file run-v4.cif (mmCIF, N, CA, C and O atoms)
data_work
loop_
_atom_site.label_atom_id
_atom_site.label_comp_id
_atom_site.auth_asym_id
_atom_site.auth_seq_id
_atom_site.Cartn_x
_atom_site.Cartn_y
_atom_site.Cartn_z
N MET C 1 -27.11 8.49 48.17
CA MET C 1 -26.49 9.45 47.28
C MET C 1 -25.03 9.08 47.02
O MET C 1 -24.58 9.16 45.89
N ARG C 2 -24.34 8.66 48.06
CA ARG C 2 -22.94 8.29 47.88
C ARG C 2 -22.80 7.10 46.95
O ARG C 2 -21.90 7.05 46.13
N CYS C 3 -23.67 6.13 47.10
CA CYS C 3 -23.63 4.95 46.25
C CYS C 3 -23.87 5.33 44.80
O CYS C 3 -23.18 4.87 43.91
N SER C 4 -24.82 6.17 44.57
CA SER C 4 -25.13 6.61 43.23
C SER C 4 -23.94 7.36 42.61
O SER C 4 -23.61 7.16 41.45
N LEU C 5 -23.31 8.21 43.39
CA LEU C 5 -22.16 8.96 42.91
C LEU C 5 -20.99 8.02 42.60
O LEU C 5 -20.33 8.17 41.59
N SER C 6 -20.78 7.03 43.45
CA SER C 6 -19.70 6.06 43.23
C SER C 6 -19.93 5.25 41.97
O SER C 6 -19.01 4.99 41.21
N LEU C 7 -21.19 4.86 41.75
CA LEU C 7 -21.51 4.11 40.54
C LEU C 7 -21.29 4.96 39.29
O LEU C 7 -20.79 4.48 38.27
N ARG C 8 -21.65 6.23 39.36
CA ARG C 8 -21.42 7.12 38.23
C ARG C 8 -19.94 7.27 37.93
O ARG C 8 -19.51 7.25 36.78
N MET C 9 -19.16 7.44 38.99
CA MET C 9 -17.71 7.59 38.81
C MET C 9 -17.11 6.32 38.21
O MET C 9 -16.24 6.39 37.34
N LEU C 10 -17.58 5.17 38.67
CA LEU C 10 -17.11 3.91 38.14
C LEU C 10 -17.47 3.78 36.66
O LEU C 10 -16.65 3.38 35.84
N ALA C 11 -18.69 4.16 36.31
CA ALA C 11 -19.13 4.09 34.92
C ALA C 11 -18.28 5.00 34.04
O ALA C 11 -17.86 4.62 32.94
N VAL C 12 -18.00 6.21 34.52
CA VAL C 12 -17.16 7.14 33.76
C VAL C 12 -15.76 6.56 33.58
O VAL C 12 -15.17 6.64 32.49
N ALA C 13 -15.21 5.96 34.62
CA ALA C 13 -13.87 5.38 34.54
C ALA C 13 -13.82 4.23 33.53
O ALA C 13 -12.91 4.12 32.72
N VAL C 14 -14.84 3.37 33.54
CA VAL C 14 -14.89 2.23 32.62
C VAL C 14 -15.02 2.72 31.18
O VAL C 14 -14.30 2.28 30.28
N ILE C 15 -15.94 3.64 30.96
CA ILE C 15 -16.15 4.17 29.61
C ILE C 15 -14.89 4.89 29.12
O ILE C 15 -14.45 4.72 27.98
N GLY C 16 -14.28 5.66 29.99
CA GLY C 16 -13.06 6.38 29.63
C GLY C 16 -11.94 5.44 29.25
O GLY C 16 -11.23 5.66 28.28
N SER C 17 -11.77 4.36 30.01
CA SER C 17 -10.69 3.42 29.68
C SER C 17 -10.97 2.69 28.38
O SER C 17 -10.07 2.41 27.61
N CYS C 18 -12.23 2.41 28.09
CA CYS C 18 -12.58 1.78 26.81
C CYS C 18 -12.26 2.71 25.65
O CYS C 18 -11.74 2.28 24.61
N CYS C 19 -12.55 3.99 25.81
CA CYS C 19 -12.26 4.96 24.75
C CYS C 19 -10.77 5.07 24.52
O CYS C 19 -10.30 5.13 23.39
N LEU C 20 -9.99 5.13 25.59
CA LEU C 20 -8.54 5.23 25.44
C LEU C 20 -7.96 4.00 24.79
O LEU C 20 -7.04 4.09 23.98
N THR C 21 -8.49 2.84 25.11
CA THR C 21 -8.03 1.61 24.48
C THR C 21 -8.31 1.64 22.99
O THR C 21 -7.49 1.24 22.18
N GLY C 22 -9.45 2.16 22.60
CA GLY C 22 -9.80 2.29 21.18
C GLY C 22 -8.84 3.20 20.45
O GLY C 22 -8.45 2.94 19.32
N PHE C 23 -8.44 4.30 21.10
CA PHE C 23 -7.50 5.21 20.45
C PHE C 23 -6.14 4.56 20.28
O PHE C 23 -5.46 4.77 19.28
N ALA C 24 -5.72 3.76 21.21
CA ALA C 24 -4.43 3.09 21.09
C ALA C 24 -4.42 2.11 19.93
O ALA C 24 -3.41 1.93 19.26
N ALA C 25 -5.56 1.51 19.65
CA ALA C 25 -5.65 0.56 18.54
C ALA C 25 -5.62 1.25 17.20
O ALA C 25 -5.36 0.63 16.18
N ASP C 26 -5.89 2.57 17.17
CA ASP C 26 -5.91 3.31 15.91
C ASP C 26 -4.57 3.91 15.56
O ASP C 26 -4.50 4.87 14.80
N LYS C 27 -3.48 3.38 16.07
CA LYS C 27 -2.16 3.90 15.75
C LYS C 27 -1.92 3.78 14.24
O LYS C 27 -2.34 2.81 13.62
N PRO C 28 -1.25 4.75 13.66
CA PRO C 28 -0.98 4.67 12.22
C PRO C 28 -0.08 3.49 11.90
O PRO C 28 0.80 3.13 12.67
N LYS C 29 -0.32 2.90 10.73
CA LYS C 29 0.49 1.77 10.31
C LYS C 29 1.87 2.27 9.89
O LYS C 29 2.01 3.38 9.38
N LYS C 30 2.86 1.43 10.08
CA LYS C 30 4.21 1.79 9.66
C LYS C 30 4.27 1.80 8.15
O LYS C 30 3.52 1.11 7.47
N ASP C 31 5.17 2.61 7.62
CA ASP C 31 5.35 2.66 6.18
C ASP C 31 5.76 1.28 5.67
O ASP C 31 6.50 0.56 6.33
N ARG C 32 5.28 0.95 4.50
CA ARG C 32 5.62 -0.33 3.92
C ARG C 32 7.06 -0.32 3.42
O ARG C 32 7.56 0.70 2.96
N ASP C 33 7.69 -1.45 3.49
CA ASP C 33 9.07 -1.59 3.04
C ASP C 33 9.09 -1.76 1.53
O ASP C 33 8.57 -2.75 1.01
N PRO C 34 9.68 -0.81 0.79
CA PRO C 34 9.69 -0.90 -0.67
C PRO C 34 10.36 -2.18 -1.18
O PRO C 34 9.94 -2.75 -2.18
N ALA C 35 11.39 -2.66 -0.49
CA ALA C 35 12.09 -3.86 -0.93
C ALA C 35 11.18 -5.09 -0.86
O ALA C 35 11.19 -5.93 -1.76
N LYS C 36 10.38 -5.19 0.19
CA LYS C 36 9.46 -6.33 0.31
C LYS C 36 8.38 -6.26 -0.75
O LYS C 36 8.02 -7.27 -1.36
N PHE C 37 7.85 -5.06 -0.98
CA PHE C 37 6.83 -4.88 -2.01
C PHE C 37 7.41 -5.24 -3.37
O PHE C 37 6.78 -5.94 -4.17
N PHE C 38 8.64 -4.79 -3.65
CA PHE C 38 9.31 -5.08 -4.91
C PHE C 38 9.47 -6.59 -5.10
O PHE C 38 9.19 -7.12 -6.17
N GLN C 39 9.92 -7.27 -4.06
CA GLN C 39 10.10 -8.73 -4.12
C GLN C 39 8.81 -9.45 -4.47
O GLN C 39 8.81 -10.39 -5.25
N LYS C 40 7.71 -9.01 -3.86
CA LYS C 40 6.42 -9.65 -4.14
C LYS C 40 6.01 -9.44 -5.59
O LYS C 40 5.43 -10.33 -6.20
N LYS C 41 6.28 -8.27 -6.13
CA LYS C 41 5.91 -7.96 -7.51
C LYS C 41 6.82 -8.65 -8.53
O LYS C 41 6.39 -8.94 -9.64
N ASP C 42 8.07 -8.91 -8.16
CA ASP C 42 9.05 -9.50 -9.08
C ASP C 42 8.78 -11.00 -9.23
O ASP C 42 9.43 -11.84 -8.62
N ALA C 43 7.84 -11.33 -10.11
CA ALA C 43 7.35 -12.71 -10.26
C ALA C 43 8.44 -13.69 -10.66
O ALA C 43 8.46 -14.83 -10.19
N ASP C 44 9.34 -13.28 -11.54
CA ASP C 44 10.38 -14.21 -12.01
C ASP C 44 11.69 -14.09 -11.23
O ASP C 44 12.68 -14.74 -11.55
N SER C 45 11.70 -13.26 -10.20
CA SER C 45 12.85 -13.08 -9.30
C SER C 45 14.14 -12.74 -10.02
O SER C 45 15.23 -13.15 -9.61
N ASP C 46 14.03 -11.94 -11.09
CA ASP C 46 15.24 -11.56 -11.83
C ASP C 46 15.83 -10.24 -11.33
O ASP C 46 16.85 -9.77 -11.84
N GLY C 47 15.19 -9.62 -10.33
CA GLY C 47 15.70 -8.37 -9.78
C GLY C 47 15.19 -7.13 -10.50
O GLY C 47 15.65 -6.03 -10.23
N PHE C 48 14.25 -7.33 -11.42
CA PHE C 48 13.66 -6.23 -12.16
C PHE C 48 12.15 -6.42 -12.26
O PHE C 48 11.67 -7.54 -12.25
N LEU C 49 11.45 -5.30 -12.37
CA LEU C 49 10.01 -5.36 -12.62
C LEU C 49 9.74 -4.97 -14.06
O LEU C 49 10.24 -3.96 -14.54
N THR C 50 8.96 -5.79 -14.73
CA THR C 50 8.45 -5.43 -16.05
C THR C 50 7.12 -4.70 -15.83
O THR C 50 6.57 -4.71 -14.73
N LEU C 51 6.61 -4.09 -16.89
CA LEU C 51 5.32 -3.41 -16.77
C LEU C 51 4.23 -4.41 -16.37
O LEU C 51 3.38 -4.10 -15.54
N GLN C 52 4.29 -5.62 -16.91
CA GLN C 52 3.29 -6.64 -16.58
C GLN C 52 3.37 -7.01 -15.10
O GLN C 52 2.35 -7.17 -14.44
N GLU C 53 4.58 -7.18 -14.59
CA GLU C 53 4.74 -7.50 -13.16
C GLU C 53 4.26 -6.33 -12.30
O GLU C 53 3.63 -6.52 -11.27
N PHE C 54 4.58 -5.12 -12.74
CA PHE C 54 4.20 -3.92 -12.00
C PHE C 54 2.68 -3.80 -11.90
O PHE C 54 2.14 -3.45 -10.86
N LYS C 55 1.98 -4.11 -12.99
CA LYS C 55 0.52 -4.00 -13.03
C LYS C 55 -0.20 -5.17 -12.34
O LYS C 55 -1.36 -5.05 -11.97
N ALA C 56 0.47 -6.29 -12.19
CA ALA C 56 -0.16 -7.50 -11.67
C ALA C 56 -0.83 -7.26 -10.33
O ALA C 56 -0.23 -6.69 -9.41
N GLY C 57 -2.08 -7.68 -10.23
CA GLY C 57 -2.82 -7.58 -8.98
C GLY C 57 -3.44 -6.23 -8.71
O GLY C 57 -4.11 -6.05 -7.70
N MET C 58 -3.22 -5.27 -9.60
CA MET C 58 -3.81 -3.94 -9.41
C MET C 58 -5.26 -3.93 -9.87
O MET C 58 -5.59 -4.60 -10.83
N PRO C 59 -6.08 -3.14 -9.21
CA PRO C 59 -7.43 -2.95 -9.74
C PRO C 59 -7.34 -2.29 -11.12
O PRO C 59 -6.36 -1.61 -11.43
N GLU C 60 -8.35 -2.49 -11.94
CA GLU C 60 -8.30 -2.01 -13.33
C GLU C 60 -8.03 -0.51 -13.42
O GLU C 60 -7.23 -0.07 -14.25
N LYS C 61 -8.66 0.26 -12.57
CA LYS C 61 -8.48 1.71 -12.61
C LYS C 61 -7.02 2.10 -12.34
O LYS C 61 -6.46 2.97 -13.00
N ALA C 62 -6.40 1.45 -11.38
CA ALA C 62 -5.00 1.73 -11.05
C ALA C 62 -4.07 1.23 -12.15
O ALA C 62 -3.08 1.87 -12.47
N ALA C 63 -4.39 0.07 -12.71
CA ALA C 63 -3.55 -0.51 -13.76
C ALA C 63 -3.54 0.39 -15.00
O ALA C 63 -2.53 0.47 -15.70
N ASP C 64 -4.64 1.09 -15.25
CA ASP C 64 -4.69 2.01 -16.39
C ASP C 64 -3.67 3.14 -16.24
O ASP C 64 -3.10 3.60 -17.22
N LYS C 65 -3.42 3.57 -15.03
CA LYS C 65 -2.48 4.66 -14.75
C LYS C 65 -1.06 4.15 -14.50
O LYS C 65 -0.12 4.94 -14.42
N ALA C 66 -0.89 2.85 -14.40
CA ALA C 66 0.39 2.27 -14.03
C ALA C 66 1.46 2.48 -15.10
O ALA C 66 2.64 2.59 -14.78
N GLY C 67 1.07 2.53 -16.35
CA GLY C 67 2.05 2.71 -17.43
C GLY C 67 2.83 3.99 -17.29
O GLY C 67 4.06 4.01 -17.42
N ALA C 68 2.13 5.08 -17.00
CA ALA C 68 2.80 6.37 -16.83
C ALA C 68 3.72 6.34 -15.61
O ALA C 68 4.84 6.86 -15.65
N ARG C 69 3.25 5.74 -14.54
CA ARG C 69 4.07 5.64 -13.32
C ARG C 69 5.31 4.79 -13.59
O ARG C 69 6.41 5.11 -13.14
N PHE C 70 5.12 3.69 -14.32
CA PHE C 70 6.23 2.80 -14.65
C PHE C 70 7.31 3.55 -15.44
O PHE C 70 8.50 3.41 -15.17
N LEU C 71 6.89 4.35 -16.40
CA LEU C 71 7.85 5.12 -17.21
C LEU C 71 8.64 6.10 -16.35
O LEU C 71 9.83 6.33 -16.59
N LYS C 72 7.99 6.68 -15.36
CA LYS C 72 8.70 7.59 -14.45
C LYS C 72 9.72 6.85 -13.60
O LYS C 72 10.80 7.36 -13.31
N LEU C 73 9.36 5.63 -13.19
CA LEU C 73 10.27 4.83 -12.36
C LEU C 73 11.47 4.32 -13.17
O LEU C 73 12.57 4.22 -12.64
N ASP C 74 11.24 4.01 -14.44
CA ASP C 74 12.30 3.47 -15.33
C ASP C 74 13.18 4.61 -15.82
O ASP C 74 13.09 5.05 -16.97
N THR C 75 14.08 5.08 -14.96
CA THR C 75 14.88 6.26 -15.28
C THR C 75 15.91 6.04 -16.37
O THR C 75 16.29 6.97 -17.06
N ASN C 76 16.37 4.80 -16.59
CA ASN C 76 17.37 4.56 -17.63
C ASN C 76 16.75 4.08 -18.94
O ASN C 76 17.46 3.83 -19.91
N GLY C 77 15.45 3.94 -19.00
CA GLY C 77 14.75 3.62 -20.24
C GLY C 77 14.95 2.23 -20.78
O GLY C 77 14.79 1.99 -21.98
N ASP C 78 15.25 1.26 -19.92
CA ASP C 78 15.48 -0.12 -20.40
C ASP C 78 14.23 -1.00 -20.32
O ASP C 78 14.31 -2.21 -20.45
N ASP C 79 13.07 -0.40 -20.11
CA ASP C 79 11.78 -1.10 -20.04
C ASP C 79 11.67 -2.07 -18.87
O ASP C 79 10.89 -3.02 -18.91
N LYS C 80 12.45 -1.82 -17.84
CA LYS C 80 12.33 -2.57 -16.60
C LYS C 80 12.79 -1.67 -15.46
O LYS C 80 13.55 -0.72 -15.67
N VAL C 81 12.31 -1.97 -14.29
CA VAL C 81 12.62 -1.15 -13.12
C VAL C 81 13.41 -1.97 -12.12
O VAL C 81 12.98 -3.05 -11.71
N SER C 82 14.58 -1.46 -11.75
CA SER C 82 15.41 -2.13 -10.75
C SER C 82 14.93 -1.72 -9.36
O SER C 82 14.15 -0.77 -9.20
N LEU C 83 15.43 -2.40 -8.35
CA LEU C 83 15.06 -2.06 -6.97
C LEU C 83 15.51 -0.64 -6.65
O LEU C 83 14.78 0.12 -6.02
N ASP C 84 16.71 -0.26 -7.10
CA ASP C 84 17.19 1.11 -6.84
C ASP C 84 16.29 2.15 -7.49
O ASP C 84 15.96 3.17 -6.88
N GLU C 85 15.89 1.91 -8.74
CA GLU C 85 14.98 2.84 -9.42
C GLU C 85 13.65 2.91 -8.68
O GLU C 85 13.08 3.99 -8.51
N PHE C 86 13.18 1.76 -8.23
CA PHE C 86 11.91 1.69 -7.51
C PHE C 86 11.98 2.48 -6.21
O PHE C 86 11.10 3.29 -5.92
N LYS C 87 13.04 2.26 -5.43
CA LYS C 87 13.19 2.97 -4.16
C LYS C 87 13.29 4.48 -4.38
O LYS C 87 12.66 5.26 -3.67
N THR C 88 14.08 4.88 -5.37
CA THR C 88 14.23 6.31 -5.67
C THR C 88 12.89 6.92 -6.06
O THR C 88 12.53 7.99 -5.59
N GLY C 89 12.15 6.21 -6.90
CA GLY C 89 10.84 6.70 -7.32
C GLY C 89 9.85 6.78 -6.18
O GLY C 89 9.03 7.69 -6.11
N MET C 90 9.92 5.82 -5.27
CA MET C 90 9.00 5.82 -4.13
C MET C 90 9.34 6.96 -3.16
O MET C 90 8.46 7.54 -2.56
N ASP C 91 10.62 7.28 -3.04
CA ASP C 91 11.02 8.40 -2.18
C ASP C 91 10.50 9.72 -2.73
O ASP C 91 10.17 10.63 -1.97
N LYS C 92 10.44 9.83 -4.05
CA LYS C 92 9.99 11.07 -4.69
C LYS C 92 8.47 11.16 -4.79
O LYS C 92 7.94 12.24 -5.00
N ALA C 93 7.79 10.04 -4.64
CA ALA C 93 6.33 10.01 -4.80
C ALA C 93 5.67 10.80 -3.67
O ALA C 93 6.09 10.73 -2.52
N PRO C 94 4.62 11.54 -4.00
CA PRO C 94 3.90 12.26 -2.94
C PRO C 94 3.23 11.29 -1.99
O PRO C 94 2.74 10.24 -2.41
N LYS C 95 3.24 11.62 -0.73
CA LYS C 95 2.61 10.77 0.29
C LYS C 95 1.11 10.94 0.22
O LYS C 95 0.59 12.04 0.03
N ARG C 96 0.39 9.83 0.35
CA ARG C 96 -1.07 9.86 0.33
C ARG C 96 -1.60 10.40 1.63
O ARG C 96 -1.08 10.09 2.70
N LYS C 97 -2.65 11.17 1.52
CA LYS C 97 -3.32 11.65 2.72
C LYS C 97 -4.28 10.57 3.19
O LYS C 97 -4.93 9.93 2.38
N LYS C 98 -4.34 10.38 4.51
CA LYS C 98 -5.26 9.38 5.06
C LYS C 98 -6.66 9.95 5.10
O LYS C 98 -6.86 11.12 5.37
N LYS C 99 -7.62 9.10 4.81
CA LYS C 99 -9.03 9.53 4.80
C LYS C 99 -9.60 9.53 6.19
O LYS C 99 -9.26 8.84 7.04
#
call {"tool": "encode", "arguments": {"input": "run-v4.cif", "output": "structure tokens"}}
result
Amino acid sequence: MRCSLSLRMLAVAVIGSCCLTGFAADKPKKDRDPAKFFQKKDADSDGFLTLQEFKAGMPEKAADKAGARFLKLDTNGDDKVSLDEFKTGMDKAPKRKKK
């Protein structure tokens, strides 16, 4: 009986530690750095995003909505978005809920 109880306790301990390890791996990802994202999108490295650069690499469904978002980001109406405009717009954007 003692051996059986010890084996059960060992099994519970092993399973419990595996579960806790899994939870540690599910830590939320850190927020992305807007400056790094901006740099990747700025294909010609001129310090501004055009609508074409902004849409580049987006899935079709997202690219369809990108024009309206771009206009909101372009606060001075010069048809390009600076890093400052981008950061300001990202700060104002609603945070996505995780699924």
call {"tool": "closest_residue", "arguments": {"input": "run-v4.cif", "among": "C:Asp42, C:Asp64, C:Gly47, C:Leu71", "to": "Asp84 (chain C)", "atoms": "all atoms listed in the file"}}
result
C:Gly47
call {"tool": "residues_around", "arguments": {"input": "run-v4.cif", "residues": "Gln52 (chain C)", "least_positions_apart": "3", "cutoff": "8 Å", "atoms": "all atoms listed in the file", "output": "ChimeraX atom specification"}}
result
/C:41,43,49,55-58,79
call {"tool": "atom_distance", "arguments": {"input": "run-v4.cif", "atom1": "atom N of Glu85 (chain C)", "atom2": "atom O of Leu73 (chain C)"}}
result
5.6 Å
call {"tool": "select_by_dssp", "arguments": {"input": "run-v4.cif", "residues": "region 37-89 of chain C", "states": "strand (DSSP E or B)", "output": "PyMOL selection string"}}
result
chain C and resi 48-49+81-82
call {"tool": "closest_residue", "arguments": {"input": "run-v4.cif", "among": "C:Lys87, C:Ser45, C:Lys92, C:Phe70", "to": "Arg32 (chain C)", "atoms": "only C-alpha atoms"}}
result
C:Lys87
call {"tool": "atom_distance", "arguments": {"input": "run-v4.cif", "atom1": "CA of Asp33 (chain C)", "atom2": "atom O of Glu53 (chain C)"}}
result
16.1 Å
call {"tool": "closest_residue", "arguments": {"input": "run-v4.cif", "among": "C:Lys80, C:Thr88, C:Leu51, C:Gln39", "to": "Lys65 (chain C)", "atoms": "only C-alpha atoms"}}
result
C:Leu51
call {"tool": "residues_around", "arguments": {"input": "run-v4.cif", "residues": "Phe48 (chain C)", "least_positions_apart": "2", "cutoff": "6 Å", "atoms": "only C-alpha atoms", "output": "NGL selection string"}}
result
:C and (46 or 80-82)
